[in-house]
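Q: Structure file start.cif, mmCIF, C-alpha atoms, is pasted below:
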data_entry
#
loop_
_atom_site.label_atom_id
_atom_site.label_comp_id
_atom_site.auth_asym_id
_atom_site.auth_seq_id
_atom_site.Cartn_x
_atom_site.Cartn_y
_atom_site.Cartn_z
CA MET A 287 -39.92 -203.17 -74.41
CA ASN A 288 -39.27 -200.58 -71.69
CA ARG A 289 -35.53 -201.09 -72.05
CA TRP A 290 -35.78 -200.49 -75.81
CA ARG A 291 -37.85 -197.35 -75.21
CA ASN A 292 -35.36 -196.07 -72.63
CA PHE A 293 -32.51 -196.74 -75.04
CA LEU A 294 -34.26 -194.70 -77.76
CA ILE A 295 -34.82 -191.85 -75.27
CA ILE A 296 -31.12 -191.87 -74.39
CA LEU A 297 -30.18 -191.77 -78.08
CA SER A 298 -32.53 -188.84 -78.67
CA ILE A 299 -30.93 -186.81 -75.83
CA ILE A 300 -27.24 -187.64 -76.35
CA GLY A 301 -25.41 -185.16 -78.56
CA PRO A 302 -24.97 -181.56 -77.36
CA GLY A 303 -22.49 -182.42 -74.57
CA ILE A 304 -20.31 -184.71 -76.69
CA ILE A 305 -20.30 -182.33 -79.67
CA THR A 306 -19.57 -179.18 -77.64
CA ALA A 307 -16.66 -180.72 -75.76
CA SER A 308 -15.24 -182.54 -78.80
CA ILE A 309 -15.23 -179.42 -80.97
CA ASP A 310 -12.98 -177.90 -78.33
CA ASN A 311 -10.25 -180.06 -79.88
CA ASP A 312 -10.28 -177.78 -82.90
CA ALA A 313 -7.32 -176.55 -84.98
CA GLY A 314 -6.16 -174.22 -82.19
CA GLY A 315 -6.51 -176.87 -79.49
CA ILE A 316 -4.66 -179.51 -81.50
CA THR A 317 -1.84 -177.02 -82.15
CA THR A 318 -1.56 -176.29 -78.42
CA TYR A 319 -1.39 -179.98 -77.46
CA SER A 320 1.04 -180.79 -80.29
CA VAL A 321 3.40 -177.95 -79.30
CA ALA A 322 3.16 -178.99 -75.61
CA GLY A 323 4.21 -182.56 -76.40
CA ALA A 324 6.98 -181.56 -78.81
CA ARG A 325 8.51 -178.96 -76.46
CA TYR A 326 8.07 -180.61 -73.05
CA GLY A 327 7.51 -184.29 -73.70
CA TYR A 328 5.16 -185.96 -71.20
CA THR A 329 5.73 -183.23 -68.57
CA LEU A 330 2.44 -181.35 -69.17
CA LEU A 331 0.14 -184.39 -69.14
CA TRP A 332 -0.83 -183.81 -65.48
CA THR A 333 -2.54 -180.51 -66.40
CA LEU A 334 -5.30 -182.46 -68.15
CA ILE A 335 -6.68 -183.85 -64.85
CA PRO A 336 -7.62 -180.50 -63.20
CA THR A 337 -8.64 -179.19 -66.64
CA THR A 338 -11.10 -182.08 -67.10
CA ILE A 339 -12.59 -181.50 -63.63
CA ALA A 340 -13.02 -177.77 -64.34
CA LEU A 341 -14.59 -178.48 -67.73
CA ILE A 342 -17.09 -180.95 -66.25
CA VAL A 343 -18.11 -178.50 -63.51
CA ILE A 344 -18.73 -175.60 -65.92
CA GLN A 345 -20.41 -177.62 -68.68
CA GLU A 346 -22.78 -179.45 -66.30
CA MET A 347 -23.90 -176.12 -64.85
CA VAL A 348 -24.60 -174.59 -68.26
CA ALA A 349 -26.39 -177.72 -69.49
CA ARG A 350 -28.61 -177.68 -66.38
CA MET A 351 -29.64 -174.09 -67.12
CA GLY A 352 -30.53 -175.04 -70.69
CA VAL A 353 -32.73 -177.93 -69.56
CA VAL A 354 -34.53 -176.02 -66.76
CA THR A 355 -35.12 -172.72 -68.58
CA GLY A 356 -35.37 -173.86 -72.20
CA LYS A 357 -33.39 -170.72 -73.08
CA GLY A 358 -29.89 -169.88 -74.26
CA LEU A 359 -27.30 -168.24 -72.00
CA SER A 360 -27.29 -164.89 -73.83
CA ASP A 361 -31.11 -164.87 -73.64
CA LEU A 362 -30.92 -165.23 -69.84
CA ILE A 363 -28.18 -162.60 -69.49
CA ARG A 364 -30.25 -160.09 -71.53
CA GLU A 365 -33.43 -160.77 -69.52
CA ASN A 366 -31.72 -160.50 -66.13
CA TYR A 367 -28.90 -157.98 -66.62
CA GLY A 368 -30.05 -155.74 -69.45
CA VAL A 369 -29.48 -155.17 -73.16
CA LYS A 370 -26.38 -152.92 -72.84
CA ILE A 371 -24.20 -155.47 -71.02
CA THR A 372 -25.39 -158.22 -73.33
CA PHE A 373 -24.74 -156.13 -76.45
CA PHE A 374 -21.11 -155.36 -75.51
CA MET A 375 -20.48 -159.02 -74.64
CA MET A 376 -21.90 -160.09 -77.99
CA VAL A 377 -19.74 -157.62 -79.94
CA ILE A 378 -16.56 -158.92 -78.23
CA LEU A 379 -17.64 -162.53 -78.77
CA LEU A 380 -18.40 -161.85 -82.44
CA VAL A 381 -14.89 -160.48 -83.06
CA ALA A 382 -13.28 -163.29 -81.01
CA ASN A 383 -15.20 -166.02 -82.78
CA PHE A 384 -14.44 -164.47 -86.16
CA GLY A 385 -10.74 -164.98 -85.39
CA THR A 386 -11.41 -168.54 -84.19
CA THR A 387 -13.33 -169.36 -87.40
CA ILE A 388 -10.39 -168.09 -89.48
CA ALA A 389 -8.11 -170.40 -87.46
CA GLU A 390 -10.41 -173.34 -88.29
CA PHE A 391 -10.27 -172.67 -92.04
CA ALA A 392 -6.51 -172.15 -91.81
CA GLY A 393 -6.26 -175.61 -90.16
CA TRP A 394 -8.44 -177.11 -92.91
CA ALA A 395 -6.27 -175.50 -95.60
CA ALA A 396 -3.06 -176.76 -93.95
CA SER A 397 -4.34 -180.33 -93.62
CA MET A 398 -5.50 -180.37 -97.26
CA GLU A 399 -2.07 -179.19 -98.42
CA ILE A 400 -0.50 -182.19 -96.63
CA PHE A 401 -2.52 -184.40 -99.00
CA GLY A 402 -1.47 -182.32 -102.01
CA PHE A 403 -4.73 -180.42 -102.51
CA SER A 404 -4.74 -176.70 -103.26
CA LYS A 405 -6.25 -174.52 -100.53
CA TYR A 406 -7.76 -172.34 -103.26
CA VAL A 407 -9.98 -175.28 -104.22
CA MET A 408 -10.52 -177.02 -100.88
CA VAL A 409 -11.30 -173.98 -98.67
CA PRO A 410 -14.22 -172.77 -100.87
CA PHE A 411 -15.36 -176.40 -101.26
CA GLY A 412 -15.31 -177.02 -97.50
CA ALA A 413 -17.00 -173.68 -96.76
CA PHE A 414 -19.80 -174.42 -99.23
CA LEU A 415 -20.40 -177.93 -97.87
CA ILE A 416 -20.74 -176.83 -94.24
CA TRP A 417 -22.89 -173.85 -95.24
CA LEU A 418 -25.18 -176.23 -97.15
CA LEU A 419 -25.34 -178.65 -94.20
CA VAL A 420 -26.42 -176.02 -91.67
CA THR A 421 -28.67 -173.79 -93.81
CA LYS A 422 -30.49 -176.59 -95.63
CA GLY A 423 -30.37 -179.42 -93.08
CA SER A 424 -32.45 -179.92 -89.92
CA TYR A 425 -31.07 -179.87 -86.37
CA ARG A 426 -31.13 -183.69 -86.26
CA ILE A 427 -29.20 -184.01 -89.54
CA VAL A 428 -26.58 -181.48 -88.42
CA GLU A 429 -26.23 -183.16 -85.02
CA ALA A 430 -25.91 -186.63 -86.59
CA ALA A 431 -23.19 -185.38 -88.96
CA LEU A 432 -21.30 -183.77 -86.07
CA LEU A 433 -21.53 -186.91 -83.90
CA ILE A 434 -20.22 -189.10 -86.73
CA ALA A 435 -17.36 -186.66 -87.32
CA CYS A 436 -16.54 -186.71 -83.58
CA MET A 437 -15.75 -190.43 -83.92
CA ILE A 438 -12.90 -189.64 -86.35
CA TYR A 439 -10.93 -188.23 -83.40
CA ILE A 440 -10.04 -191.87 -82.70
CA GLY A 441 -7.27 -191.30 -85.27
CA TYR A 442 -5.25 -189.48 -82.61
CA VAL A 443 -5.50 -192.48 -80.27
CA ILE A 444 -4.31 -194.87 -82.99
CA SER A 445 -1.44 -192.50 -83.90
CA ALA A 446 -0.31 -192.47 -80.26
CA PHE A 447 -0.17 -196.28 -80.04
CA MET A 448 1.68 -196.46 -83.36
CA ALA A 449 4.28 -194.08 -81.91
CA ALA A 450 5.02 -196.71 -79.19
CA PRO A 451 5.26 -194.42 -76.11
CA ARG A 452 6.99 -195.32 -72.86
CA TRP A 453 3.84 -196.01 -70.86
CA GLY A 454 5.56 -196.03 -67.48
CA GLU A 455 6.74 -192.45 -68.01
CA VAL A 456 3.35 -191.48 -69.42
CA ILE A 457 1.48 -192.69 -66.31
CA LYS A 458 4.03 -191.10 -63.96
CA SER A 459 3.78 -187.70 -65.72
CA THR A 460 -0.03 -187.89 -65.73
CA PHE A 461 -0.38 -188.30 -61.97
CA ILE A 462 2.77 -186.62 -60.59
CA PRO A 463 2.82 -182.87 -61.41
CA THR A 464 6.04 -181.31 -62.63
CA VAL A 465 6.38 -177.54 -62.79
CA LYS A 466 9.09 -175.62 -64.62
CA PHE A 467 9.41 -171.90 -63.97
CA GLU A 468 9.99 -171.02 -67.60
CA SER A 469 7.90 -168.62 -69.66
CA ASP A 470 7.22 -171.19 -72.41
CA PHE A 471 6.13 -173.80 -69.86
CA ILE A 472 3.78 -171.39 -68.05
CA ILE A 473 2.27 -170.11 -71.31
CA LEU A 474 1.61 -173.66 -72.53
CA THR A 475 0.11 -174.69 -69.17
CA ILE A 476 -2.31 -171.78 -69.29
CA ALA A 477 -2.99 -172.34 -73.00
CA ILE A 478 -3.98 -175.98 -72.38
CA ILE A 479 -6.61 -174.85 -69.87
CA GLY A 480 -7.62 -171.84 -71.98
CA THR A 481 -8.17 -173.87 -75.14
CA THR A 482 -10.36 -176.34 -73.20
CA ILE A 483 -12.79 -173.87 -71.57
CA THR A 484 -13.92 -171.11 -73.93
CA PRO A 485 -16.80 -168.57 -73.90
CA TRP A 486 -18.41 -169.86 -77.11
CA MET A 487 -18.73 -173.39 -75.66
CA GLN A 488 -21.02 -172.20 -72.88
CA PHE A 489 -23.35 -170.41 -75.28
CA TYR A 490 -23.43 -173.22 -77.84
CA LEU A 491 -24.11 -176.00 -75.33
CA GLN A 492 -27.00 -174.20 -73.66
CA SER A 493 -28.52 -173.07 -76.97
CA SER A 494 -28.33 -176.53 -78.53
CA ILE A 495 -29.93 -178.12 -75.46
CA ALA A 496 -32.70 -175.50 -75.55
CA GLU A 497 -33.32 -176.03 -79.29
CA LYS A 498 -33.36 -179.79 -78.81
CA GLY A 499 -36.08 -179.35 -76.18
CA ILE A 500 -34.61 -181.65 -73.51
CA LYS A 501 -36.92 -181.83 -70.46
CA LYS A 502 -36.11 -181.80 -66.73
CA GLU A 503 -37.09 -185.44 -66.31
CA ASN A 504 -34.39 -186.42 -68.84
CA TYR A 505 -31.64 -184.29 -67.36
CA LYS A 506 -29.72 -187.28 -65.93
CA VAL A 507 -29.11 -188.49 -69.49
CA SER A 508 -28.12 -184.97 -70.59
CA LYS A 509 -25.68 -184.79 -67.67
CA LEU A 510 -24.18 -188.13 -68.74
CA ASP A 511 -23.83 -186.70 -72.25
CA VAL A 512 -21.85 -183.76 -70.81
CA TYR A 513 -19.62 -186.03 -68.70
CA ILE A 514 -18.85 -188.32 -71.65
CA GLY A 515 -18.05 -185.33 -73.87
CA CYS A 516 -15.73 -183.70 -71.32
CA ILE A 517 -13.83 -186.93 -70.67
CA MET A 518 -13.61 -187.75 -74.40
CA THR A 519 -12.16 -184.38 -75.35
CA ASP A 520 -9.37 -184.55 -72.79
CA VAL A 521 -8.60 -188.21 -73.54
CA ILE A 522 -8.02 -187.13 -77.15
CA ALA A 523 -5.88 -184.22 -75.92
CA PHE A 524 -3.90 -186.72 -73.82
CA PHE A 525 -3.09 -188.89 -76.85
CA ILE A 526 -2.12 -185.89 -79.01
CA ILE A 527 0.42 -184.83 -76.37
CA VAL A 528 1.66 -188.43 -76.01
CA THR A 529 2.12 -188.80 -79.79
CA CYS A 530 4.23 -185.64 -80.15
CA ALA A 531 6.08 -186.24 -76.87
CA THR A 532 7.10 -189.74 -78.00
CA THR A 533 8.17 -188.88 -81.53
CA LEU A 534 9.24 -185.23 -81.70
CA PHE A 535 10.49 -184.32 -78.21
CA PRO A 536 13.39 -186.86 -78.03
CA HIS A 537 14.74 -185.49 -81.32
CA GLY A 538 14.42 -181.85 -80.28
CA ILE A 539 11.98 -181.07 -83.08
CA LYS A 540 10.13 -177.89 -82.13
CA ILE A 541 6.91 -177.04 -83.95
CA ASN A 542 4.55 -174.08 -84.02
CA GLU A 543 1.45 -175.62 -85.61
CA ALA A 544 -0.39 -178.92 -85.93
CA LYS A 545 0.42 -179.26 -89.65
CA GLU A 546 4.14 -179.41 -88.78
CA ALA A 547 3.41 -182.14 -86.22
CA ALA A 548 1.55 -184.27 -88.78
CA MET A 549 4.38 -183.95 -91.31
CA ALA A 550 7.15 -184.56 -88.76
CA LEU A 551 5.58 -187.79 -87.46
CA ALA A 552 6.28 -189.86 -90.58
CA PRO A 553 9.98 -190.66 -89.97
CA PHE A 554 9.37 -191.68 -86.34
CA ALA A 555 5.89 -193.24 -86.17
CA GLY A 556 5.39 -194.20 -89.81
CA THR A 557 3.46 -192.77 -92.75
CA TYR A 558 0.12 -194.15 -91.55
CA ALA A 559 0.42 -192.42 -88.17
CA SER A 560 1.27 -189.17 -89.95
CA LEU A 561 -1.72 -189.52 -92.29
CA LEU A 562 -4.06 -190.35 -89.39
CA PHE A 563 -2.88 -187.24 -87.57
CA ALA A 564 -3.49 -185.12 -90.70
CA VAL A 565 -6.95 -186.61 -91.33
CA SER A 566 -7.92 -185.94 -87.72
CA LEU A 567 -6.66 -182.34 -88.04
CA ALA A 568 -8.80 -181.84 -91.16
CA ASN A 569 -11.80 -183.31 -89.36
CA ALA A 570 -11.28 -181.15 -86.26
CA SER A 571 -10.86 -177.99 -88.34
CA ILE A 572 -14.01 -178.50 -90.40
CA LEU A 573 -16.00 -179.37 -87.25
CA GLY A 574 -14.82 -176.16 -85.61
CA ALA A 575 -15.71 -174.22 -88.76
CA ILE A 576 -19.27 -175.53 -88.45
CA VAL A 577 -19.85 -175.06 -84.73
CA VAL A 578 -18.05 -171.80 -83.83
CA PRO A 579 -20.03 -169.69 -86.38
CA LEU A 580 -23.17 -171.59 -85.35
CA ALA A 581 -22.57 -170.71 -81.69
CA THR A 582 -22.02 -167.08 -82.71
CA ALA A 583 -25.28 -166.92 -84.65
CA TYR A 584 -27.13 -168.50 -81.72
CA TYR A 585 -26.01 -166.11 -79.01
CA ILE A 586 -26.24 -162.92 -81.05
CA CYS A 587 -29.81 -163.70 -82.13
CA GLU A 588 -30.84 -164.72 -78.62
CA ALA A 589 -29.30 -161.56 -77.19
CA MET A 590 -31.15 -159.36 -79.67
CA GLY A 591 -34.43 -161.27 -79.40
CA TRP A 592 -34.28 -162.54 -83.00
CA GLU A 593 -35.45 -165.96 -84.19
CA ALA A 594 -32.68 -168.55 -84.10
CA GLY A 595 -32.26 -172.23 -84.86
CA VAL A 596 -30.95 -174.72 -87.41
CA ASN A 597 -34.50 -175.99 -87.95
CA LYS A 598 -35.57 -172.58 -89.25
CA SER A 599 -35.26 -171.29 -92.83
CA PHE A 600 -33.76 -168.04 -94.15
CA LYS A 601 -37.30 -166.64 -94.22
CA GLU A 602 -38.08 -167.66 -90.62
CA ALA A 603 -34.71 -166.67 -89.09
CA PRO A 604 -32.95 -164.33 -91.55
CA GLN A 605 -30.54 -162.78 -89.03
CA PHE A 606 -29.44 -166.20 -87.73
CA MET A 607 -28.78 -167.58 -91.21
CA TRP A 608 -27.07 -164.44 -92.54
CA ILE A 609 -24.74 -164.14 -89.52
CA TYR A 610 -23.72 -167.78 -90.03
CA THR A 611 -23.29 -167.27 -93.79
CA ALA A 612 -21.24 -164.07 -93.38
CA LEU A 613 -18.86 -165.65 -90.83
CA ILE A 614 -18.24 -168.66 -93.06
CA ALA A 615 -17.78 -166.64 -96.26
CA ILE A 616 -15.55 -163.86 -94.87
CA SER A 617 -13.35 -166.25 -92.83
CA ALA A 618 -12.81 -168.58 -95.80
CA LEU A 619 -12.04 -165.62 -98.06
CA LEU A 620 -9.44 -164.19 -95.67
CA VAL A 621 -7.58 -167.51 -95.51
CA LEU A 622 -7.22 -167.35 -99.31
CA ILE A 623 -5.82 -163.80 -99.44
CA PRO A 624 -2.00 -163.83 -99.68
CA GLY A 625 -0.41 -161.79 -96.89
CA ALA A 626 -3.62 -161.47 -94.83
CA PRO A 627 -2.76 -160.82 -91.13
CA LEU A 628 -4.07 -164.21 -89.95
CA ILE A 629 -1.69 -164.55 -86.98
CA LEU A 630 -2.64 -161.08 -85.69
CA ILE A 631 -6.36 -161.89 -85.99
CA MET A 632 -5.90 -165.22 -84.16
CA ILE A 633 -3.92 -163.60 -81.32
CA LEU A 634 -6.56 -160.89 -80.98
CA SER A 635 -9.20 -163.63 -80.87
CA SER A 636 -7.36 -165.40 -78.02
CA LEU A 637 -6.99 -162.13 -76.10
CA LEU A 638 -10.69 -161.29 -76.40
CA ASN A 639 -11.74 -164.81 -75.41
CA GLY A 640 -9.43 -164.61 -72.41
CA ILE A 641 -10.85 -161.27 -71.30
CA LEU A 642 -14.46 -162.38 -71.73
CA LEU A 643 -14.34 -165.87 -70.21
CA PRO A 644 -14.39 -164.78 -66.51
CA PHE A 645 -17.37 -162.47 -67.14
CA VAL A 646 -19.32 -165.25 -68.88
CA LEU A 647 -18.64 -167.69 -66.04
CA VAL A 648 -19.59 -165.18 -63.32
CA PHE A 649 -22.90 -164.45 -65.09
CA ALA A 650 -23.52 -168.20 -65.43
CA LEU A 651 -22.92 -168.72 -61.69
CA LEU A 652 -25.20 -165.85 -60.71
CA LEU A 653 -27.94 -167.24 -62.95
CA ILE A 654 -27.56 -170.86 -61.78
CA ASN A 655 -27.99 -169.73 -58.16
CA ASN A 656 -31.10 -167.62 -58.85
CA LYS A 657 -34.06 -169.56 -57.41
CA LYS A 658 -36.54 -167.54 -59.46
CA ILE A 659 -34.91 -168.91 -62.59
CA MET A 660 -33.72 -172.36 -61.50
CA GLY A 661 -36.13 -173.35 -58.69
CA ASP A 662 -34.86 -176.53 -57.02
CA PHE A 663 -32.11 -176.92 -59.64
CA VAL A 664 -29.80 -174.28 -58.15
CA ASN A 665 -26.25 -175.30 -57.22
CA SER A 666 -25.69 -177.12 -53.95
CA LYS A 667 -23.09 -175.70 -51.54
CA GLY A 668 -20.57 -178.26 -52.71
CA GLN A 669 -21.19 -177.38 -56.36
CA ASN A 670 -20.80 -173.69 -55.57
CA TYR A 671 -17.50 -174.23 -53.77
CA VAL A 672 -16.11 -176.15 -56.73
CA SER A 673 -17.64 -173.77 -59.29
CA TRP A 674 -16.39 -170.55 -57.70
CA ALA A 675 -12.95 -172.08 -57.08
CA THR A 676 -12.85 -173.03 -60.77
CA VAL A 677 -13.83 -169.49 -61.78
CA VAL A 678 -11.22 -167.90 -59.48
CA VAL A 679 -8.47 -170.18 -60.86
CA LEU A 680 -9.56 -169.41 -64.43
CA ILE A 681 -9.56 -165.66 -63.73
CA VAL A 682 -6.02 -165.84 -62.28
CA LEU A 683 -4.78 -167.97 -65.17
CA THR A 684 -6.49 -165.78 -67.77
CA ALA A 685 -5.01 -162.62 -66.23
CA THR A 686 -1.56 -164.26 -66.21
CA LEU A 687 -1.94 -165.32 -69.84
CA LEU A 688 -2.99 -161.83 -70.91
CA VAL A 689 0.05 -160.31 -69.19
CA MET A 690 2.37 -162.88 -70.74
CA MET A 691 0.85 -162.46 -74.20
CA ILE A 692 1.71 -158.78 -74.06
CA ALA A 693 5.18 -159.47 -72.66
CA PRO A 694 8.23 -159.73 -74.97
CA ASP A 695 8.69 -163.42 -74.12
CA VAL A 696 5.64 -164.28 -76.19
CA ASN A 697 7.28 -163.05 -79.38
CA LYS A 698 10.14 -165.45 -78.65
CA PHE A 699 7.62 -168.26 -77.99
CA ILE A 700 5.71 -167.69 -81.23
CA SER A 701 8.91 -167.43 -83.24
#
Hey, can you dump this file as C-alpha cells for me?

A:
Amino acid sequence: MNRWRNFLIILSIIGPGIITASIDNDAGGITTYSVAGARYGYTLLWTLIPTTIALIVIQEMVARMGVVTGKGLSDLIRENYGVKITFFMMVILLVANFGTTIAEFAGWAASMEIFGFSKYVMVPFGAFLIWLLVTKGSYRIVEAALLIACMIYIGYVISAFMAAPRWGEVIKSTFIPTVKFESDFIILTIAIIGTTITPWMQFYLQSSIAEKGIKKENYKVSKLDVYIGCIMTDVIAFFIIVTCATTLFPHGIKINEAKEAAMALAPFAGTYASLLFAVSLANASILGAIVVPLATAYYICEAMGWEAGVNKSFKEAPQFMWIYTALIAISALLVLIPGAPLILIMILSSLLNGILLPFVLVFALLLINNKKIMGDFVNSKGQNYVSWATVVVLIVLTATLLVMMIAPDVNKFIS
C-alpha cells in the first residue's frame, strides 16, 4: 500500500523538469542540431556531454528555489533587487520570446507543408488549439498534454536507427573531442550550448514548480524529474545529430533549417524516417508555441505583482491570459504575412537571449546562496564551484557568439 502511495506521489510531482528540458528541443534547437550533423558529421557530438552537465546544474538550482520559496524567479528578483531591474529584464525577455514564438510557428508551418497542408489553414488552427488548451484547461490537463507530446520525440531516435549510423565512429566522436578552428564550427558549437540553456527555461521551470505546489519533503522526486528531463533532451539532440550526420553529411548536403533535413532524409534513410523526422518537428514546434508564451506570461505577471497561473480564468488573471493570447495571435499572424522579416526577428531574439542569459544566471546564483531566502537549501561549496564555472563558461561563450553574430562570417554561415 505504501509503495502504491509513493508511486502516486512521484507521478503527481513529475512533470515540470521533463517538460521544461524537452521543450528546449524546439524548432530552433532541432534546426541547430540538424545543421550541425549535416555540416560536420559526428564531430560535434562531444559538445553534448558538457552541455548536459551545465543544464543539470542550472536547472536543479532553479527547481530547488521554486520548491523552497514557492515563488517564481522574476518574483524573487523583484523582491530582492527592485522593480526597475526586473522591469528592464522583462521587457528584453518579452521581445526575445516574441521572436522565439514566431520561430515555433514558422517550424509548425514548415512541417505542415511537408505533409501538403497549407500554412494559411494549419497555423491559425494550431494557434487556436493551443490557446484553447491553456486558457480553458487546468494546470493538470495542460501538463498531461505536454508530457504526452514529449513522448513523440522518440521519433528522432527511431529515425536515427533507420539511418543505420556507424556506431563505432559515433561513440568515438561522443567521447573524444575534436575542435576545428573554423567560424562555422565555432558558431555551431556555441549555438548547441546556447539553444540548450535559455533564459525563459529558468523562469518557466521555477514558476511551474511554484504553481504545482511541490513541497520541500518531495524535492528529491522533483530533482529526479529535472535530471530525467535534462538527460532526455540531450539524448534526443544526440540522435538528431546522428541522423543528419549519417545521411546528409557523406553526400555534402548542406541545410539551413530542420524542414530541409526532414525532406532530404527520404532518399538515404527511407520515407518513414523522413516522415518521423517531420512529425517530430511539428510536435516540437507546437510544444514550443505553447510553453514559450506561457513562460513569458508567467514571469511578466510575477514581476509586476499580477495574478498568474493556468488554473486561473480570464477574470481572475486577466493580464496573464491576455499576454499569452496576444503572443500567440500576433506571432501566428506574422508567420502568415508574405515578406514579413521573420529571419531578422529570430536573429534579434537570439541576440537578446544571449545578452540576458548571464544576468539571469548571476541573479539565480545570488538568490540560491541567500540564507534568508533558502535557509539550509543554499548551494554547497561544490555546487557553487560547478555553478559559477558554468556561468563563467556561458558568459564567455555568449560574448563570443554575440561578436560572431555581428561579424561578416555570420552572413556567409546563414547563406

Q: Would you list the contacts of Ala322 in chain A as a count of residues only, taking every protein, DNA or RNA residue within 8 Å and counting all atoms listed in the file, but skipping same-chain residues closer than 4 positions in sequence?

A: 7

Q: Which residue out of A:Ser397, A:Asn366, A:Ser320, A:Thr372 has the minimum interatomic distance to Val565 in chain A when all atoms listed in the file are used?

A: A:Ser397

Q: Would you mind telling me which residue in A:Val321, A:Ala477, A:Ile416, A:Val343 lies nearest to Leu432 in chain A when using only C-alpha atoms?

A: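 Selected residue with least distance to Leu432 in chain A: A:Ile416.
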
Q: Could you name the residues that touch range 676-690 of chain A at 10 Å or less, counting all atoms listed in the file, but leaving out those on the same chain fewer than 5 positions away, as a PyMOL selection string?

A: chain A and resi 336-337+339-341+343-344+469-470+472-477+479-480+483+636-648+651+670-671+695-697

Q: Residues of range 335-447 of chain A that have any atom at most 7 Å from an atom of range 498-504 of chain A: could you tabulate them with the shortest-distance atom pair and the distance in Å to one decimal, using all atoms listed in the file, ordered by chain and increasing number, as CSV?

A:
residue,atom,partner,partner_atom,distance
A:Val353,CA,A:Ile500,CA,5.7
A:Val354,CA,A:Lys502,CA,6.0
A:Gly356,CA,A:Gly499,CA,6.8

Q: Run the PyMOL selection byres ((chain A and resi 606) around 10) on the file and write out the hits as a compact mmCIF listing (two decimals) with C-alpha atoms, in the coordinates of the input.

A:
# COMPACT_ATOMS: atom_id res chain seq x y z
CA THR A 421 -28.67 -173.79 -93.81
CA LEU A 580 -23.17 -171.59 -85.35
CA THR A 582 -22.02 -167.08 -82.71
CA ALA A 583 -25.28 -166.92 -84.65
CA TYR A 584 -27.13 -168.50 -81.72
CA TYR A 585 -26.01 -166.11 -79.01
CA ILE A 586 -26.24 -162.92 -81.05
CA CYS A 587 -29.81 -163.70 -82.13
CA GLU A 588 -30.84 -164.72 -78.62
CA TRP A 592 -34.28 -162.54 -83.00
CA GLU A 593 -35.45 -165.96 -84.19
CA ALA A 594 -32.68 -168.55 -84.10
CA GLY A 595 -32.26 -172.23 -84.86
CA VAL A 596 -30.95 -174.72 -87.41
CA LYS A 598 -35.57 -172.58 -89.25
CA SER A 599 -35.26 -171.29 -92.83
CA PHE A 600 -33.76 -168.04 -94.15
CA GLU A 602 -38.08 -167.66 -90.62
CA ALA A 603 -34.71 -166.67 -89.09
CA PRO A 604 -32.95 -164.33 -91.55
CA GLN A 605 -30.54 -162.78 -89.03
CA MET A 607 -28.78 -167.58 -91.21
CA TRP A 608 -27.07 -164.44 -92.54
CA ILE A 609 -24.74 -164.14 -89.52
CA TYR A 610 -23.72 -167.78 -90.03
CA THR A 611 -23.29 -167.27 -93.79

Q: Can you give me, as an MDAnalysis selection string, the residues this file yields under the PyMOL selection byres ((chain A and resi 617) around 10)?

A: chainID A and resid 384:392 409 413 575 579 612:616 618:622 628

Q: Output: range 586-598 of chain A of the preceding structure, restricted to N, CA and C atoms, written as a PDB file, in the first residue's frame.

A:
ATOM      1  N   ILE A 586       6.326  37.866 -16.538  1.00  0.00           N
ATOM      2  CA  ILE A 586       5.912  39.275 -16.571  1.00  0.00           C
ATOM      3  C   ILE A 586       4.914  39.556 -15.445  1.00  0.00           C
ATOM      4  N   CYS A 587       3.951  38.658 -15.273  1.00  0.00           N
ATOM      5  CA  CYS A 587       2.940  38.853 -14.218  1.00  0.00           C
ATOM      6  C   CYS A 587       3.552  38.765 -12.823  1.00  0.00           C
ATOM      7  N   GLU A 588       4.485  37.834 -12.640  1.00  0.00           N
ATOM      8  CA  GLU A 588       5.155  37.729 -11.336  1.00  0.00           C
ATOM      9  C   GLU A 588       5.970  38.988 -11.054  1.00  0.00           C
ATOM     10  N   ALA A 589       6.649  39.479 -12.079  1.00  0.00           N
ATOM     11  CA  ALA A 589       7.485  40.673 -11.910  1.00  0.00           C
ATOM     12  C   ALA A 589       6.654  41.907 -11.562  1.00  0.00           C
ATOM     13  N   MET A 590       5.464  41.981 -12.120  1.00  0.00           N
ATOM     14  CA  MET A 590       4.604  43.148 -11.890  1.00  0.00           C
ATOM     15  C   MET A 590       3.650  42.955 -10.718  1.00  0.00           C
ATOM     16  N   GLY A 591       3.679  41.768 -10.112  1.00  0.00           N
ATOM     17  CA  GLY A 591       2.806  41.511  -8.964  1.00  0.00           C
ATOM     18  C   GLY A 591       1.370  41.209  -9.355  1.00  0.00           C
ATOM     19  N   TRP A 592       1.163  40.764 -10.615  1.00  0.00           N
ATOM     20  CA  TRP A 592      -0.180  40.423 -11.077  1.00  0.00           C
ATOM     21  C   TRP A 592      -0.460  38.938 -10.838  1.00  0.00           C
ATOM     22  N   GLU A 593      -1.734  38.581 -10.807  1.00  0.00           N
ATOM     23  CA  GLU A 593      -2.125  37.182 -10.665  1.00  0.00           C
ATOM     24  C   GLU A 593      -1.692  36.405 -11.904  1.00  0.00           C
ATOM     25  N   ALA A 594      -1.193  35.186 -11.674  1.00  0.00           N
ATOM     26  CA  ALA A 594      -0.729  34.370 -12.793  1.00  0.00           C
ATOM     27  C   ALA A 594      -1.022  32.901 -12.519  1.00  0.00           C
ATOM     28  N   GLY A 595      -1.264  32.141 -13.587  1.00  0.00           N
ATOM     29  CA  GLY A 595      -1.453  30.706 -13.428  1.00  0.00           C
ATOM     30  C   GLY A 595      -2.437  30.141 -14.425  1.00  0.00           C
ATOM     31  N   VAL A 596      -2.156  28.940 -14.905  1.00  0.00           N
ATOM     32  CA  VAL A 596      -3.042  28.262 -15.855  1.00  0.00           C
ATOM     33  C   VAL A 596      -4.374  27.909 -15.202  1.00  0.00           C
ATOM     34  N   ASN A 597      -4.360  27.690 -13.896  1.00  0.00           N
ATOM     35  CA  ASN A 597      -5.592  27.323 -13.195  1.00  0.00           C
ATOM     36  C   ASN A 597      -6.564  28.490 -13.047  1.00  0.00           C
ATOM     37  N   LYS A 598      -6.106  29.694 -13.360  1.00  0.00           N
ATOM     38  CA  LYS A 598      -6.958  30.873 -13.184  1.00  0.00           C
ATOM     39  C   LYS A 598      -7.672  31.226 -14.492  1.00  0.00           C
TER      40      LYS A 598
END
